[in-house]
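Q: Provided herewith: coords25.cif, mmCIF, C-alpha atoms and all ligand atoms.
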```cif
data_model
#
loop_
_atom_site.label_atom_id
_atom_site.label_comp_id
_atom_site.auth_asym_id
_atom_site.auth_seq_id
_atom_site.Cartn_x
_atom_site.Cartn_y
_atom_site.Cartn_z
CA MET A 470 98.76 95.87 117.31
CA LEU A 471 101.36 96.43 120.03
CA ASP A 472 101.65 92.88 121.29
CA GLN A 473 101.74 91.56 117.71
CA LEU A 474 104.58 93.98 116.94
CA ASP A 475 106.47 92.87 120.06
CA ARG A 476 106.20 89.27 118.92
CA ARG A 477 107.99 89.87 115.60
CA PRO A 478 111.64 88.84 115.41
CA ARG A 479 113.74 91.99 115.64
CA PHE A 480 117.48 92.58 115.56
CA ALA A 481 118.53 95.81 117.30
CA LEU A 482 120.37 98.12 114.88
CA ALA A 483 119.09 101.67 115.34
CA HIS A 484 119.86 104.21 118.03
CA ARG A 485 116.40 104.69 119.49
CA PRO A 486 114.61 106.90 120.31
CA THR A 487 115.93 109.39 117.78
CA PRO A 488 115.78 113.04 118.89
CA LEU A 489 112.74 115.26 118.30
CA ALA A 490 113.72 118.93 118.28
CA PRO A 491 112.25 122.29 117.25
CA MET A 492 113.46 124.11 114.14
CA ALA A 493 112.96 127.57 115.62
CA ARG A 494 115.41 129.42 113.40
CA LEU A 495 113.94 128.00 110.20
CA ARG A 496 110.46 128.96 111.39
CA SER A 497 111.57 132.51 112.28
CA LEU A 498 112.94 132.88 108.80
CA LEU A 499 109.65 131.76 107.24
CA LEU A 500 107.68 134.06 109.55
CA SER A 501 109.97 136.94 108.54
CA GLU A 502 108.99 136.24 104.91
CA GLY A 503 105.40 136.91 106.01
CA CYS A 504 104.29 133.24 105.81
CA ALA A 505 101.76 131.64 108.15
CA CYS A 506 104.05 128.96 109.56
CA PRO A 507 103.06 126.52 112.32
CA PRO A 508 105.68 125.43 114.86
CA LEU A 509 108.21 123.15 113.14
CA LEU A 510 109.80 120.11 114.72
CA ILE A 511 112.29 117.69 113.22
CA LYS A 512 112.43 113.97 113.99
CA ARG A 513 116.04 112.97 113.50
CA ASP A 514 115.88 109.58 111.82
CA ASP A 515 119.07 110.62 110.07
CA CYS A 516 120.54 109.85 113.51
CA THR A 517 119.65 106.17 113.68
CA GLY A 518 123.37 105.34 113.60
CA LEU A 519 124.12 102.32 111.40
CA ALA A 520 126.94 103.64 109.20
CA GLY A 521 125.50 107.04 108.42
CA GLY A 522 121.95 106.67 109.68
CA GLY A 523 118.64 106.96 107.90
CA ASN A 524 115.16 105.49 107.85
CA LYS A 525 116.18 102.03 106.58
CA ALA A 526 117.76 101.17 109.94
CA ARG A 527 114.26 100.89 111.46
CA LYS A 528 113.04 98.60 108.67
CA LEU A 529 116.20 96.52 108.77
CA GLU A 530 115.66 95.66 112.43
CA PHE A 531 112.62 93.63 111.36
CA LEU A 532 114.11 92.42 108.06
CA VAL A 533 117.30 91.13 109.70
CA GLY A 534 115.19 89.67 112.51
CA GLU A 535 113.24 87.69 109.93
CA ALA A 536 116.37 86.70 107.99
CA LEU A 537 117.97 85.32 111.17
CA ALA A 538 114.74 83.54 112.15
CA GLN A 539 114.79 81.86 108.72
CA ASP A 540 118.45 80.90 109.22
CA CYS A 541 119.59 82.91 106.19
CA ASP A 542 123.22 83.95 105.89
CA VAL A 543 123.26 86.63 103.20
CA LEU A 544 121.03 89.68 102.65
CA VAL A 545 120.18 90.46 99.03
CA THR A 546 118.61 93.75 98.06
CA THR A 547 118.36 96.22 95.21
CA GLY A 548 118.19 99.94 94.48
CA ALA A 549 119.81 102.76 92.52
CA LEU A 550 123.60 103.21 92.49
CA GLN A 551 123.33 105.73 95.33
CA SER A 552 120.80 103.75 97.33
CA ASN A 553 120.85 104.63 101.03
CA HIS A 554 118.93 101.44 101.65
CA ALA A 555 121.67 99.35 100.03
CA ARG A 556 124.33 101.04 102.18
CA GLN A 557 122.34 100.50 105.38
CA THR A 558 121.69 96.87 104.36
CA ALA A 559 125.44 96.38 103.95
CA ALA A 560 125.98 97.81 107.43
CA ALA A 561 123.15 95.76 108.96
CA ALA A 562 124.55 92.59 107.42
CA ALA A 563 127.99 93.32 108.87
CA ALA A 564 126.51 94.05 112.30
CA ALA A 565 124.55 90.79 112.25
CA GLY A 566 127.41 88.66 110.90
CA LEU A 567 125.68 88.11 107.54
CA GLY A 568 126.86 88.64 103.98
CA ALA A 569 125.39 91.36 101.75
CA CYS A 570 124.81 91.28 98.01
CA LEU A 571 123.57 94.54 96.48
CA VAL A 572 122.11 94.52 92.96
CA LEU A 573 122.31 98.17 91.95
CA ARG A 574 120.66 99.53 88.86
CA ASP A 575 122.14 102.35 86.86
CA ALA A 576 118.78 104.12 86.70
CA VAL A 577 119.58 107.80 87.30
CA ASP A 578 121.10 110.05 84.60
CA TYR A 579 123.36 112.12 86.77
CA PRO A 580 126.47 113.27 84.91
CA GLY A 581 128.73 114.02 87.88
CA ALA A 582 131.76 111.71 88.11
CA ALA A 583 131.35 111.24 91.88
CA TYR A 584 127.91 109.72 91.33
CA ARG A 585 129.61 106.52 90.12
CA THR A 586 132.40 106.34 92.68
CA SER A 587 131.61 108.21 95.89
CA GLY A 588 128.77 108.62 98.39
CA ASN A 589 126.92 105.44 99.23
CA LEU A 590 128.80 103.36 96.64
CA LEU A 591 132.10 104.05 98.37
CA LEU A 592 130.54 103.10 101.72
CA ASP A 593 129.09 99.86 100.26
CA ASP A 594 132.64 98.80 99.39
CA ILE A 595 134.07 99.78 102.76
CA LEU A 596 131.28 97.82 104.46
CA GLY A 597 132.33 94.72 102.54
CA ALA A 598 129.21 94.23 100.44
CA GLU A 599 129.29 92.41 97.14
CA VAL A 600 127.99 94.88 94.52
CA GLU A 601 126.45 93.79 91.20
CA LEU A 602 125.80 96.59 88.72
CA ALA A 603 122.84 96.24 86.38
CA PRO A 604 122.24 98.49 83.37
CA ARG A 605 119.19 100.71 83.22
CA SER A 606 117.59 98.38 80.67
CA ALA A 607 117.99 95.30 82.91
CA ASP A 608 115.01 93.12 83.78
CA MET A 609 115.58 93.45 87.53
CA THR A 610 113.30 90.58 88.53
CA ALA A 611 115.22 88.18 86.27
CA HIS A 612 118.56 89.61 87.40
CA ILE A 613 117.71 89.16 91.07
CA ASP A 614 116.39 85.63 90.43
CA ARG A 615 119.75 84.74 88.88
CA THR A 616 121.62 86.25 91.83
CA MET A 617 119.50 84.26 94.31
CA GLU A 618 120.11 81.05 92.31
CA ARG A 619 123.84 81.71 92.09
CA LEU A 620 124.09 82.22 95.86
CA THR A 621 122.00 79.13 96.59
CA ALA A 622 124.11 77.02 94.22
CA ALA A 623 127.19 78.20 96.14
CA GLY A 624 125.68 76.82 99.35
CA ARG A 625 124.49 80.17 100.72
CA ARG A 626 121.04 80.88 102.20
CA PRO A 627 119.97 84.25 100.76
CA TYR A 628 117.24 86.48 102.22
CA PHE A 629 115.73 88.93 99.75
CA ALA A 630 114.49 92.38 100.77
CA PRO A 631 112.89 94.50 98.01
CA ALA A 632 114.04 98.01 97.05
CA GLY A 633 113.86 100.37 100.00
CA GLY A 634 113.29 97.41 102.33
CA SER A 635 109.60 97.97 101.64
CA SER A 636 108.10 94.58 102.25
CA ALA A 637 105.32 94.37 104.83
CA CYS A 638 107.95 93.08 107.27
CA GLY A 639 110.21 96.09 106.63
CA ALA A 640 107.32 98.55 106.97
CA LEU A 641 106.89 97.35 110.56
CA GLY A 642 109.90 99.54 111.32
CA TYR A 643 107.74 102.59 110.77
CA VAL A 644 104.82 101.22 112.73
CA ALA A 645 107.32 101.20 115.60
CA GLY A 646 108.73 104.57 114.48
CA TYR A 647 105.29 106.20 114.58
CA LEU A 648 104.64 104.84 118.08
CA GLU A 649 107.99 106.24 119.23
CA LEU A 650 107.21 109.67 117.76
CA ALA A 651 103.63 109.71 119.09
CA GLY A 652 105.01 109.04 122.59
CA GLN A 653 107.46 111.94 122.26
CA LEU A 654 104.69 114.24 121.01
CA ASP A 655 102.38 113.21 123.84
CA GLU A 656 105.04 114.27 126.31
CA ARG A 657 105.16 117.70 124.65
CA GLY A 658 101.34 117.90 124.27
CA GLY A 659 99.34 118.38 121.08
CA ALA A 660 100.04 115.14 119.19
CA GLU A 661 96.54 115.19 117.67
CA GLU A 662 97.18 118.49 115.89
CA THR A 663 100.38 117.29 114.26
CA LEU A 664 101.20 116.70 110.59
CA ILE A 665 104.20 114.51 109.78
CA ILE A 666 105.88 115.42 106.48
CA HIS A 667 108.44 113.06 104.94
CA ALA A 668 109.99 111.91 101.67
CA SER A 669 108.11 108.97 100.16
CA SER A 670 109.61 106.61 97.62
CA SER A 671 109.25 102.84 97.93
CA GLY A 672 106.41 103.52 100.38
CA GLY A 673 107.40 101.46 103.41
CA THR A 674 107.89 104.49 105.60
CA GLN A 675 104.51 105.97 104.75
CA ALA A 676 102.73 102.61 104.90
CA GLY A 677 104.16 101.86 108.35
CA LEU A 678 103.26 105.29 109.70
CA LEU A 679 99.71 104.97 108.37
CA VAL A 680 99.22 101.49 109.81
CA ALA A 681 100.18 102.79 113.26
CA HIS A 682 97.85 105.79 112.84
CA ALA A 683 94.96 103.48 111.88
CA GLY A 684 95.80 101.03 114.66
CA LEU A 685 95.79 103.76 117.31
CA GLY A 686 92.61 105.24 115.85
CA GLY A 687 94.12 108.75 115.81
CA GLY A 688 97.29 110.76 116.37
CA PRO A 689 99.51 112.68 113.97
CA LYS A 690 98.48 112.72 110.31
CA VAL A 691 100.91 111.79 107.57
CA LEU A 692 101.82 113.59 104.34
CA GLY A 693 104.32 112.06 101.93
CA VAL A 694 106.30 114.16 99.48
CA ASN A 695 106.58 112.08 96.32
CA VAL A 696 110.26 111.90 95.33
CA TYR A 697 109.89 108.78 93.22
CA ARG A 698 107.19 108.36 90.60
CA LYS A 699 105.50 110.57 88.02
CA ASP A 700 102.46 108.31 88.24
CA ALA A 701 101.27 109.47 91.65
CA GLU A 702 98.02 107.51 91.41
CA ALA A 703 99.86 104.21 90.99
CA MET A 704 102.20 105.12 93.82
CA THR A 705 99.26 105.90 96.12
CA ALA A 706 97.69 102.54 95.27
CA GLU A 707 100.96 100.72 96.02
CA ILE A 708 101.34 102.43 99.39
CA LEU A 709 97.76 101.51 100.27
CA ALA A 710 98.31 97.87 99.27
CA LEU A 711 101.57 97.69 101.22
CA ALA A 712 99.84 99.23 104.25
CA ALA A 713 97.10 96.59 104.04
CA ARG A 714 99.68 93.78 103.99
CA THR A 715 101.56 95.38 106.89
CA ALA A 716 98.37 95.75 108.93
CA GLY A 717 97.65 92.09 108.14
CA LEU A 718 100.88 91.03 109.86
CA LEU A 719 99.67 92.77 113.01
CA ALA A 720 95.98 91.77 112.77
CA SER A 721 95.35 95.51 112.88
CA PRO A 722 92.97 97.65 110.78
CA ALA A 723 94.24 98.83 107.38
CA PRO A 724 94.28 102.59 106.72
CA GLU A 725 91.45 104.18 104.73
CA PRO A 726 92.37 105.11 101.14
CA ALA A 727 91.79 108.80 101.95
CA GLU A 728 94.57 108.66 104.57
CA VAL A 729 97.21 108.02 101.90
CA ARG A 730 98.19 111.61 101.05
CA LEU A 731 100.99 112.51 98.67
CA VAL A 732 102.05 115.87 97.30
CA ASN A 733 103.58 115.65 93.86
CA ASP A 734 104.94 119.10 93.01
CA TRP A 735 108.53 118.57 94.20
CA LEU A 736 109.65 115.56 92.16
CA GLY A 737 111.12 117.62 89.31
CA ASP A 738 112.25 115.57 86.30
CA GLY A 739 112.13 112.35 88.28
CA TYR A 740 113.76 110.19 90.92
CA GLY A 741 117.28 111.38 91.73
CA ALA A 742 117.08 114.41 89.41
CA PRO A 743 118.13 117.57 91.27
CA THR A 744 115.78 120.57 91.42
CA ALA A 745 116.37 124.24 92.25
CA GLU A 746 113.90 123.93 95.15
CA MET A 747 115.90 121.00 96.56
CA ARG A 748 119.15 123.00 96.36
CA GLU A 749 117.51 125.91 98.16
CA ALA A 750 116.08 123.62 100.88
CA VAL A 751 119.42 121.86 101.47
CA ALA A 752 121.31 125.16 101.76
CA LEU A 753 118.64 126.87 103.88
CA VAL A 754 118.35 124.11 106.48
CA ALA A 755 122.13 123.70 106.62
CA ARG A 756 122.60 127.42 107.22
CA THR A 757 119.70 128.06 109.63
CA GLU A 758 119.72 124.84 111.64
CA GLY A 759 123.11 123.21 111.01
CA ILE A 760 121.33 120.12 109.70
CA LEU A 761 122.36 118.31 106.50
CA LEU A 762 119.61 116.96 104.24
CA ASP A 763 120.20 114.99 101.03
CA PRO A 764 119.60 115.69 97.33
CA VAL A 765 117.29 112.76 96.49
CA TYR A 766 114.88 112.47 99.43
CA ALA A 767 114.98 114.76 102.45
CA GLY A 768 116.04 117.78 100.37
CA LYS A 769 113.00 117.42 98.12
CA ALA A 770 110.73 116.67 101.08
CA MET A 771 111.94 119.85 102.79
CA ALA A 772 111.40 121.74 99.52
CA GLY A 773 107.82 120.46 99.76
CA LEU A 774 107.46 121.64 103.35
CA LEU A 775 108.83 125.10 102.49
CA GLY A 776 106.65 125.31 99.38
CA LEU A 777 103.50 124.36 101.30
CA VAL A 778 104.25 126.94 104.02
CA ARG A 779 104.88 129.64 101.40
CA ARG A 780 101.59 128.78 99.67
CA GLY A 781 99.78 129.17 102.99
CA ALA A 782 98.71 125.52 102.81
CA LEU A 783 99.80 124.69 106.38
CA ALA A 784 98.24 127.73 108.09
CA ASP A 785 95.63 125.57 109.86
CA VAL A 786 98.00 122.84 111.03
CA GLY A 787 98.82 122.79 114.78
CA GLN A 788 102.44 121.79 114.28
CA VAL A 789 104.56 120.07 111.66
CA VAL A 790 107.06 117.30 112.28
CA PHE A 791 109.56 116.97 109.45
CA LEU A 792 110.72 113.35 109.50
CA HIS A 793 114.37 113.52 108.43
CA THR A 794 114.89 110.17 106.76
CA GLY A 795 118.66 110.54 106.26
CA GLY A 796 120.65 110.22 103.04
CA MET A 797 123.51 112.58 103.81
CA PRO A 798 126.19 110.41 102.12
CA ALA A 799 124.57 111.15 98.75
CA LEU A 800 125.57 114.83 99.09
CA PHE A 801 129.07 113.73 98.10
CA ALA A 802 127.79 111.88 95.04
CA TYR A 803 126.00 115.05 93.94
CA ALA A 804 128.86 117.38 94.88
CA GLU A 805 128.57 119.41 91.64
CA GLU A 806 125.05 120.54 92.62
CA PHE A 807 126.31 122.41 95.60
CA ALA A 808 129.86 123.36 94.68
CA ALA A 809 129.11 125.05 91.37
CA SER A 810 125.81 126.76 92.15
CA ASP A 811 126.78 128.84 95.14
CA GLY A 812 130.23 130.00 96.17
CA ALA A 813 128.75 132.43 98.70
CA GLY A 814 129.39 130.17 101.66
CA ARG A 815 133.11 130.14 100.92
CA GLY A 816 133.65 133.83 101.64
C1 LIG B 1 114.55 105.26 101.27
C2 LIG B 1 114.55 106.68 101.69
C3 LIG B 1 113.35 107.41 101.80
C4 LIG B 1 112.03 106.87 101.38
O1 LIG B 1 111.52 105.89 102.22
P1 LIG B 1 110.51 104.81 101.59
O2 LIG B 1 110.15 103.99 102.73
O3 LIG B 1 111.31 104.09 100.54
O4 LIG B 1 109.39 105.54 100.96
C5 LIG B 1 113.42 108.70 102.26
N1 LIG B 1 114.58 109.26 102.58
C6 LIG B 1 115.76 108.62 102.47
C7 LIG B 1 117.01 109.34 102.82
C8 LIG B 1 115.79 107.30 102.02
O5 LIG B 1 116.96 106.67 101.90
#
```
Step by step, read the file and then write its structure as structure tokens.
Ligand SMILES: *Cc1c(COP(=O)(O)O)cnc(C)c1O
A:
Amino acid sequence: MLDQLDRRPRFALAHRPTPLAPMARLRSLLLSEGCACPPLLIKRDDCTGLAGGGNKARKLEFLVGEALAQDCDVLVTTGALQSNHARQTAAAAAAAGLGACLVLRDAVDYPGAAYRTSGNLLLDDILGAEVELAPRSADMTAHIDRTMERLTAAGRRPYFAPAGGSSACGALGYVAGYLELAGQLDERGGAEETLIIHASSSGGTQAGLLVAHAGLGGGPKVLGVNVYRKDAEAMTAEILALAARTAGLLASPAPEPAEVRLVNDWLGDGYGAPTAEMREAVALVARTEGILLDPVYAGKAMAGLLGLVRRGALADVGQVVFLHTGGMPALFAYAEEFAASDGAGRG
């Protein structure tokens, strides 16, 4: 697995290794509530750099590597209006001297005005990306086909990365990410007893982590918090299929179906829809640890972690690593969530 991974074209984008640090104050608070809470660590993939950081920087190292190897000159990708992946793709393109074309779908019913102007959308513009807006009803496959044809007709050489950068190539970023984390845990001792908890959406993060786990034949287990799809069974099947394709690139064993674990109680009304548990998690981690999560992904994943601890579901786990996948710019797009609900922090 390792030598195959080293042979893949890769364009350095992320600050690596990202820090791994305890969340002692958050744990104390949970213990003071009377919960059985294992030691909590946080892996700071919000600190990958790349114009605001986040998990897509790891995937984009392999995606941009492949784009350059194929002599492409513009990255094309897709996502929601507030896609962190689109913003990091715009930044990666700039850093690699490529163009970026972002086909963003108006798929989330969030009424706040900033959702359509601020957050990641503002950063996409500053980073010089071309942004195409597609209505919710759009046939995205057809729309993207037209965009690719238009770019080709204009003499460009487009490289397409799917939503979330979750092709098998992109998922390699989290094969490498798992190896990095496992090395850090080994240094601290107790890697075998660890559970990694993270937000799961397009599945590349979880697939990559699971491929590394299967390839090593052990190490930290992985639990995704579903922030994306009501149909959890279909999502599990897609992650498993993506993991098999990713393992195929490395001639490495695919994960067993039973290894693909998702918890589904923290999605709320759907992708991008705020929940009370998310608001609590964002405020709590900000105020106990000084760490900013986001409303769409890491906030809901942390709500899952807190909920599992409070249910006693993690009492037998040796330690938990919360993988902070980034997304902080979206806080500004969802400003109303935090400004209106709680004036307490303003004195
Ligand atoms: C994309 C994203 C995720 C989910 O990662 P997938 O690989 O798409 O499952 C989690 N958190 C943040 C902040 C993201 O932008």
Q: Please return as a count of residues only the residues found within 8 Å of ligand LIG 1 (chain B), counting all atoms listed in the file.
A: 31
Q: Which distance in Å separates atom CA of A:Gly768 and atom CA of A:Leu571, to one decimal?
A: 24.7 Å
Q: Rounded to one decimal place, report the atom CA of A:Val751-atom CA of A:Phe791 distance in Å.
A: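 Those two atoms sit 13.6 Å apart.
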Q: Might you pull out every residue within 12 Å of A:Met470, with only C-alpha atoms counted and same-chain residues fewer than 2 positions away left off, and present them as a PDB file with C-alpha atoms, in the coordinates of the input?
A:
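Saved the output as result-v6.pdb:
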```pdb
ATOM      1  CA  ASP A 472     101.650  92.880 121.290  1.00  0.00           C
ATOM      2  CA  GLN A 473     101.740  91.560 117.710  1.00  0.00           C
ATOM      3  CA  LEU A 474     104.580  93.980 116.940  1.00  0.00           C
ATOM      4  CA  ASP A 475     106.470  92.870 120.060  1.00  0.00           C
ATOM      5  CA  ARG A 476     106.200  89.270 118.920  1.00  0.00           C
ATOM      6  CA  ARG A 477     107.990  89.870 115.600  1.00  0.00           C
ATOM      7  CA  LEU A 641     106.890  97.350 110.560  1.00  0.00           C
ATOM      8  CA  VAL A 644     104.820 101.220 112.730  1.00  0.00           C
ATOM      9  CA  ALA A 645     107.320 101.200 115.600  1.00  0.00           C
ATOM     10  CA  LEU A 648     104.640 104.840 118.080  1.00  0.00           C
ATOM     11  CA  VAL A 680      99.220 101.490 109.810  1.00  0.00           C
ATOM     12  CA  ALA A 681     100.180 102.790 113.260  1.00  0.00           C
ATOM     13  CA  HIS A 682      97.850 105.790 112.840  1.00  0.00           C
ATOM     14  CA  ALA A 683      94.960 103.480 111.880  1.00  0.00           C
ATOM     15  CA  GLY A 684      95.800 101.030 114.660  1.00  0.00           C
ATOM     16  CA  LEU A 685      95.790 103.760 117.310  1.00  0.00           C
ATOM     17  CA  GLY A 686      92.610 105.240 115.850  1.00  0.00           C
ATOM     18  CA  THR A 715     101.560  95.380 106.890  1.00  0.00           C
ATOM     19  CA  ALA A 716      98.370  95.750 108.930  1.00  0.00           C
ATOM     20  CA  GLY A 717      97.650  92.090 108.140  1.00  0.00           C
ATOM     21  CA  LEU A 718     100.880  91.030 109.860  1.00  0.00           C
ATOM     22  CA  LEU A 719      99.670  92.770 113.010  1.00  0.00           C
ATOM     23  CA  ALA A 720      95.980  91.770 112.770  1.00  0.00           C
ATOM     24  CA  SER A 721      95.350  95.510 112.880  1.00  0.00           C
ATOM     25  CA  PRO A 722      92.970  97.650 110.780  1.00  0.00           C
ATOM     26  CA  ALA A 723      94.240  98.830 107.380  1.00  0.00           C
TER      27      ALA A 723
END
```
Q: Quote the spacing between atom CA of A:Phe807 and atom CA of A:Leu495 in Å to one decimal place.
A: 19.9 Å
Q: Excluding same-chain residues fewer than 2 positions from A:Ala630, what lies within 12 Å of it counting all atoms listed in the file, as a PyMOL selection string?
A: chain A and resi 525+528-529+531-533+535-536+543-548+554-555+558+569-572+613+617+627-628+632-640+673
Q: Using all atoms listed in the file and a cutoff of 9 Å, can you tell me which residues are near (106.0, 132.6, 104.9) in the file's coordinates, and write them out as a PyMOL selection string?
A: chain A and resi 496+498-506+775+778-781
Q: Quick one: of A:Pro478, A:Arg619, A:Ala651, A:Asn733, who's nearest to A:Met704, counting only C-alpha atoms?
A: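 Once distances to A:Met704 are computed over only C-alpha atoms, the minimum belongs to A:Asn733.
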Q: Could you name the residues that touch A:Pro689 at 10 Å or less, counting only C-alpha atoms, but leaving out those on the same chain fewer than 5 positions away, as a ChimeraX atom specification?
A: /A:647,650-651,654,659-665,678-679,681-682,788-790
Q: Can you tell me which residues surround stretch 740-742 of chain A at a distance of at most 7 Å, considering only C-alpha atoms, apart from same-chain residues fewer than 3 positions away, and format the answer as a ChimeraX atom specification?
A: /A:577,696-698,736-737,765
Q: Write the residues of the selection above to a file with C-alpha atoms, as an mmCIF file, in the coordinates of the input.
A:
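Output contents, as saved in again.cif:
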```cif
data_model
loop_
_atom_site.group_PDB
_atom_site.id
_atom_site.type_symbol
_atom_site.label_atom_id
_atom_site.label_comp_id
_atom_site.auth_asym_id
_atom_site.auth_seq_id
_atom_site.Cartn_x
_atom_site.Cartn_y
_atom_site.Cartn_z
ATOM 1 C CA VAL A 577 119.580 107.800 87.300
ATOM 2 C CA VAL A 696 110.260 111.900 95.330
ATOM 3 C CA TYR A 697 109.890 108.780 93.220
ATOM 4 C CA ARG A 698 107.190 108.360 90.600
ATOM 5 C CA LEU A 736 109.650 115.560 92.160
ATOM 6 C CA GLY A 737 111.120 117.620 89.310
ATOM 7 C CA VAL A 765 117.290 112.760 96.490
#
```
